Every structure is written in C-alpha cells, then in structure tokens.
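Undergrad: Let me give you the structure first, and then I'll get to my questions.
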Amino acid sequence: MRTTLAQTLGIRVGLLQSGMGGVAGPDLACAVSEAGAAGCAGGYKLAGEALSAMLKRLVAGTDRPVGVNLIPEVVGPDELDRQLGQVLDETPRHVYLSLFGMADDAVLDRITGAGRRLVVQIGTVQDGVRAAERGAIVVAQGTEAGGHLLGTSHRDDLVAELRALLPTVPLVAAGGIGSPDEAARAIAAGADGVLLGTAFVVARESMAHPQFKTAVCTSGEADTVISDVYEIGWPGRRHRVLATDVTRNPDQPKNFIGRTVVEGKPYVVPRFSAAVPTVTTSGRIGEMAMYCGLSCGAISDELPAAEIVAGFARVLPGAHAVGTEIAEESHGKL
C-alpha cells in the first residue's frame, strides 16, 4: 500500500519547503510548518554555536514537523557527522532531517535509527532507489530546479521512472513548480507531493536580499541559465541561476565584491561565491549567486509563507477538506 508524503511526515499539505542555505532560516521554516506543510531550515556549513543558535530558534518556533537540511558533499563526512550529532542531540523528534544529495548508508541508517524522518533529494534513478531502500522520503529533482543540480533528467521523467520502480514509497517532485497547475502536473506524473524552493525565496519570511526577491519576481524562464561559475565554496556542481554579469563574463577576477553576516559572524563575499545574497549582505548584489528555477515565470509577488502554502493546498495529496481551513488561518495571521 502506498504511503503519501503527508501521511509519512504527519502534515496536512503534501508540500516541502526547500532548506536553502542563507535564505531558509527558522522564521521561514516555522511559518511553512505552522501553515500545515513541512518547513526546513538550511544548515549548509553551520556548526558549533552557530548551528545551536539556529536550532534553538527553530525548535522554539513550532511543534509541528519541521526540518533541517544538510549537504554531505559540501561539508565532507567528518563535519557532516558533527552537524548530524548536533541536530539529533539538540532537537526533539518532530524535527526531521533533509539531505541534499546522497550520503553514506551509515549516515542514512543513523538518522532513521534515531527515530527521525529522513528526506533525501536526488537527481538520478539509482540514487532514488538507494535512498528509498534506507527508508527515506525521496525528492526527485529535475533540471528545471533552481540552485545546484543533482542530475540531468527532467522532473516528470524522473518522477515517472522512480514511481515505476518504487510503487509504495513517498515520492516528491522538485523543479520548476511555481503554480498549482504545475504542481498538479507533477502529481499526475506520479508524485505524492512537491518541494518548492524559488517560490519561497520571495516569501515574506525569507532571508533573501530584497534585490534577489525583486529579480525573481520580475524574471521569466529565459532569464535563468545553467552555469558552473559560482563555485567558491561549492565546486564541481552545475547550478541554475538568474543570468548576471558574472555568468556572462566568467573571466573576471575573483575579487571581494561584498560582505555578509551569518549567525552574527562577518564574512567577505568574493566574486564567484556560491553564497546567496541575504538581508545581511551588502555590496554588488547583482553579481552574486541568485539561484532561481524555471518556476519564476509564475511568481510575481512577495507573499507570506502561509499564503503560498494555501495556494497549493487544493491540488496536493493530504490537503483534502483542509484547503479552506488553511486559507482562513493564513488570512487571520496577515
């Protein structure tokens, strides 16, 4: 018997929010979870006191299912082990773990063995099957997605292939989903729910820089490119971003072009950095990595996260008879 995403995570709407590093802080993640979907805070390279501070705010913000996203290939096995230990030790069981890309089986087993729900985003059939075998909710990312790309398949093709091989596994579609109609197409291809990234970049609770939000809201599909230029901090992985002077002229020097602050600690931002511009970033914002999927053509306004969730609720499994309730709750919180 097939178990849906909503049933597995215990949420009312079969919708995951992408745990985008820098953009998806506790405020966004908790707002999404409070609206009935599953929010997720970006762990990225946070560790030690910085990670503890983020986790404390996340746990205080909601008692509903909410996640922490970690990226195995960015931090490496030793740092991932430390990050994972902190999350498991410092958060209660309603906090699930989300991995962007595959990790060793021992990592996956450690998460599920601790009684935590596990979400793994993948870009190939092989990785999807392996993640499912370790008990994970599988997120199938297509090349329509913004951010770093894990494979070369289109979203619905990858979903259909995985559904044929994994008939009972919770399967989530990711990439290019900016409207309920596009979400419905992903469900028709075999998904149990969807993961949204770009749609939440422009959420009111997002930490994306205002210039980043405006660029997403005013761009269309043709304004995105797949590139590999934003490689400082995350080399060797293609990414879909909004076209900038940096993507058009990749032979420029790797000078410092801005400054940012992460959990109270200042950093300089070099040209070609993989880091996104946030509300704490200053400098040449228009030259920085503004990850954006093909869904931007359907996104035109900055909205509260709850309103975004409500807009998708009517087409997603797990939202039966609660779409109106969610919309009313969202209206009451505006």
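Chains: A, B, ... in order of the structure tokens. Residues: from 1 per chain. Ligands: from 1, in order shown.
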Please identify the alpha helix (DSSP H) residues within segment 86-323 of chain A (assignment by DSSP from backbone atoms) and present them as a VMD selection string.
TA: chain A and resid 86 to 90 105 to 113 125 to 133 155 to 165 180 to 188 198 to 201 210 to 217 245 to 248 305 to 313 323
Undergrad: Can you pull out every residue within 9 Å of segment 12-16 of chain A, counting only C-alpha atoms, but drop anything in the same chain fewer than 3 positions away, and send it as a PyMOL selection string?
TA: chain A and resi 4-7+9+19+32+35-40+172+192-197+309-310+312-314+316-320+322-323
Undergrad: Pick out the closest residue to Lys213 of chain A from this set: A:Thr278, A:Asn249, A:Ser33, A:Ser179. Count only C-alpha atoms.
TA: A:Thr278
Undergrad: Quick one: residues within 7 Å of segment 77-92 of chain A, only C-alpha atoms counted, chain neighbours fewer than 5 positions away excluded, as a list in words?
TA: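 So, after excluding close chain neighbours, the residues are Ala47, Val59 and Pro72 of chain A.
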Undergrad: Hey, what's within 8 Å of Met54 of chain A if we count only C-alpha atoms and toss same-chain stuff fewer than 2 positions away? As a PyMOL selection string, please?
TA: chain A and resi 25-26+50-52+56-58+263
Undergrad: I'd like to know which of A:Thr260, A:Asp181, A:Ala191, A:Ala31 is closest to Arg204 of chain A, using only C-alpha atoms.
TA: A:Ala31
Undergrad: Determine, counting only C-alpha atoms, which protein, DNA and RNA residues have an atom within 6 Å of an atom of segment 232-245 of chain A; residues of the same chain fewer than 6 positions away are not included. Present the result as number ranges by chain.
TA: A: 146-149, 223-226, 272-274, 287, 290-292
Undergrad: Let me see the file: selected residues, N, CA and C atoms, as a compact mmCIF listing (two decimals), in the first residue's frame.
TA:
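Here's the written file out16.txt:
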```txt
# COMPACT_ATOMS: atom_id res chain seq x y z
N GLY A 146 15.90 25.52 -9.54
CA GLY A 146 16.94 26.49 -9.25
C GLY A 146 17.95 25.91 -8.29
N GLY A 147 19.12 26.50 -8.23
CA GLY A 147 20.15 26.00 -7.34
C GLY A 147 20.99 24.91 -7.97
N HIS A 148 21.68 24.16 -7.15
CA HIS A 148 22.60 23.14 -7.63
C HIS A 148 21.83 21.93 -8.14
N LEU A 149 22.27 21.40 -9.25
CA LEU A 149 21.55 20.33 -9.95
C LEU A 149 22.22 18.99 -9.68
N ASP A 223 15.36 34.04 -18.43
CA ASP A 223 16.35 34.80 -17.66
C ASP A 223 17.22 33.93 -16.77
N THR A 224 16.96 32.62 -16.74
CA THR A 224 17.79 31.69 -15.97
C THR A 224 18.77 30.98 -16.89
N VAL A 225 19.90 30.60 -16.33
CA VAL A 225 20.90 29.84 -17.06
C VAL A 225 21.44 28.73 -16.17
N ILE A 226 21.91 27.67 -16.78
CA ILE A 226 22.64 26.63 -16.06
C ILE A 226 24.12 26.92 -16.25
N PHE A 272 32.10 35.04 -7.66
CA PHE A 272 32.01 33.59 -7.93
C PHE A 272 31.73 32.77 -6.67
N SER A 273 31.38 33.42 -5.54
CA SER A 273 31.00 32.67 -4.34
C SER A 273 29.67 31.97 -4.56
N ALA A 274 29.53 30.78 -3.98
CA ALA A 274 28.27 30.04 -4.05
C ALA A 274 27.22 30.59 -3.09
N GLU A 287 25.72 40.87 -8.82
CA GLU A 287 26.74 39.96 -9.35
C GLU A 287 26.79 38.64 -8.57
N MET A 290 22.20 34.21 -7.55
CA MET A 290 20.76 34.27 -7.28
C MET A 290 20.12 33.04 -7.91
N TYR A 291 20.07 31.96 -7.12
CA TYR A 291 19.55 30.69 -7.60
C TYR A 291 18.05 30.83 -7.89
N CYS A 292 17.64 30.33 -9.04
CA CYS A 292 16.27 30.55 -9.47
C CYS A 292 15.87 29.49 -10.47
```
Undergrad: Give the answer as one residue: which of A:Tyr230, A:Tyr267, A:Phe200, A:Tyr96 has the shortest atom-to-atom distance to Ser300 of chain A, using only C-alpha atoms?
TA: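 Counting only C-alpha atoms, the residue closest to Ser300 of chain A is A:Phe200.
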Undergrad: For atom CA of Glu221 of chain A and atom CA of Ala203 of chain A, quote the distance in Å rounded to one decimal.
TA: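 Straight-line distance from atom CA of Glu221 of chain A to atom CA of Ala203 of chain A works out to 19.3 Å.
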Undergrad: Excluding Ala275 of chain A and any residue of its chain fewer than 6 positions from it, enumerate the residues within 8 Å of it, using only C-alpha atoms, and give them as a short mmCIF file (atom, residue, chain, number, x, y, z; two decimals) with C-alpha atoms, in the first residue's frame.
TA:
```cif
data_model
loop_
_atom_site.label_atom_id
_atom_site.label_comp_id
_atom_site.auth_asym_id
_atom_site.auth_seq_id
_atom_site.Cartn_x
_atom_site.Cartn_y
_atom_site.Cartn_z
CA GLY A 21 21.22 27.85 2.78
CA GLY A 22 21.14 31.51 3.73
CA GLY A 233 32.52 27.13 -1.53
CA VAL A 269 31.99 37.66 -0.33
CA MET A 288 26.06 37.35 -6.67
CA ALA A 289 24.53 33.89 -7.00
#
```
Undergrad: Got a sec to tell me which of segment 105-274 of chain A DSSP assigns to strand (DSSP E), as a PyMOL selection string?
TA: chain A and resi 118-122+137-141+147-148+171-174+193-196+224-227+239-242+256-262+265-270
Undergrad: Take the selection from the previous step and output its residues with C-alpha atoms, as a PDB file, in the first residue's frame.
TA:
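Generated file (result-v4.pdb):
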```pdb
ATOM      1  CA  LEU A 118      14.536  11.345   6.575  1.00  0.00           C
ATOM      2  CA  VAL A 119      14.150  13.267   3.315  1.00  0.00           C
ATOM      3  CA  VAL A 120      16.785  12.838   0.591  1.00  0.00           C
ATOM      4  CA  GLN A 121      16.868  14.942  -2.557  1.00  0.00           C
ATOM      5  CA  ILE A 122      18.378  13.138  -5.552  1.00  0.00           C
ATOM      6  CA  ILE A 137      11.238  10.083   1.528  1.00  0.00           C
ATOM      7  CA  VAL A 138      12.629  10.614  -1.969  1.00  0.00           C
ATOM      8  CA  VAL A 139      12.686  14.057  -3.595  1.00  0.00           C
ATOM      9  CA  ALA A 140      13.199  13.776  -7.356  1.00  0.00           C
ATOM     10  CA  GLN A 141      14.898  16.949  -8.587  1.00  0.00           C
ATOM     11  CA  GLY A 147      20.147  26.002  -7.337  1.00  0.00           C
ATOM     12  CA  HIS A 148      22.597  23.137  -7.626  1.00  0.00           C
ATOM     13  CA  LEU A 171       7.880  10.435  -3.739  1.00  0.00           C
ATOM     14  CA  VAL A 172       8.209  14.203  -4.055  1.00  0.00           C
ATOM     15  CA  ALA A 173       8.712  16.246  -7.230  1.00  0.00           C
ATOM     16  CA  ALA A 174      11.079  19.226  -7.328  1.00  0.00           C
ATOM     17  CA  GLY A 193       3.797  15.934  -3.099  1.00  0.00           C
ATOM     18  CA  VAL A 194       6.079  18.730  -4.228  1.00  0.00           C
ATOM     19  CA  LEU A 195       9.121  20.584  -2.958  1.00  0.00           C
ATOM     20  CA  LEU A 196       9.233  24.340  -3.577  1.00  0.00           C
ATOM     21  CA  THR A 224      17.786  31.692 -15.973  1.00  0.00           C
ATOM     22  CA  VAL A 225      20.905  29.837 -17.062  1.00  0.00           C
ATOM     23  CA  ILE A 226      22.636  26.627 -16.056  1.00  0.00           C
ATOM     24  CA  SER A 227      26.217  27.507 -15.178  1.00  0.00           C
ATOM     25  CA  HIS A 239      23.591  25.315 -10.882  1.00  0.00           C
ATOM     26  CA  ARG A 240      20.610  27.162 -12.319  1.00  0.00           C
ATOM     27  CA  VAL A 241      20.775  30.871 -11.523  1.00  0.00           C
ATOM     28  CA  LEU A 242      19.493  34.153 -12.855  1.00  0.00           C
ATOM     29  CA  PHE A 256      35.809  40.629  -2.995  1.00  0.00           C
ATOM     30  CA  ILE A 257      32.504  42.207  -4.029  1.00  0.00           C
ATOM     31  CA  GLY A 258      30.601  42.347  -0.765  1.00  0.00           C
ATOM     32  CA  ARG A 259      30.178  41.478   2.876  1.00  0.00           C
ATOM     33  CA  THR A 260      27.666  39.383   4.767  1.00  0.00           C
ATOM     34  CA  VAL A 261      26.889  38.194   8.281  1.00  0.00           C
ATOM     35  CA  VAL A 262      25.961  34.620   9.243  1.00  0.00           C
ATOM     36  CA  LYS A 265      29.814  36.408  12.309  1.00  0.00           C
ATOM     37  CA  PRO A 266      31.017  38.668   9.442  1.00  0.00           C
ATOM     38  CA  TYR A 267      32.355  37.309   6.165  1.00  0.00           C
ATOM     39  CA  VAL A 268      33.617  38.814   2.923  1.00  0.00           C
ATOM     40  CA  VAL A 269      31.992  37.664  -0.333  1.00  0.00           C
ATOM     41  CA  PRO A 270      34.245  37.037  -3.347  1.00  0.00           C
TER      42      PRO A 270
END
```
Undergrad: In Å, how far is it from atom CA of Glu144 of chain A to atom CA of Pro304 of chain A?
TA: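 Separating atom CA of Glu144 of chain A from atom CA of Pro304 of chain A is a distance of 24.0 Å.
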Undergrad: Point out the residue among A:Arg248, A:Arg163, A:Arg116, A:Arg284 with the least atom-to-atom distance to Gly128 of chain A, counting only C-alpha atoms.
TA: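 Of the candidates, the smallest distance to Gly128 of chain A is held by A:Arg163.
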Undergrad: Please indicate the distance in Å from atom CA of His154 of chain A to atom CA of Gly142 of chain A, rounded to one decimal place.
TA: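 We find that atom CA of His154 of chain A and atom CA of Gly142 of chain A lie 4.5 Å from each other.
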Undergrad: Let me make sure I understand: among A:Asp27, A:Asp251, A:Glu133, A:Asp127, which one has the smallest atom-to-atom distance to Gly151 of chain A if we use only C-alpha atoms?
TA: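 Checking each candidate against Gly151 of chain A, we get A:Asp127 as the closest.
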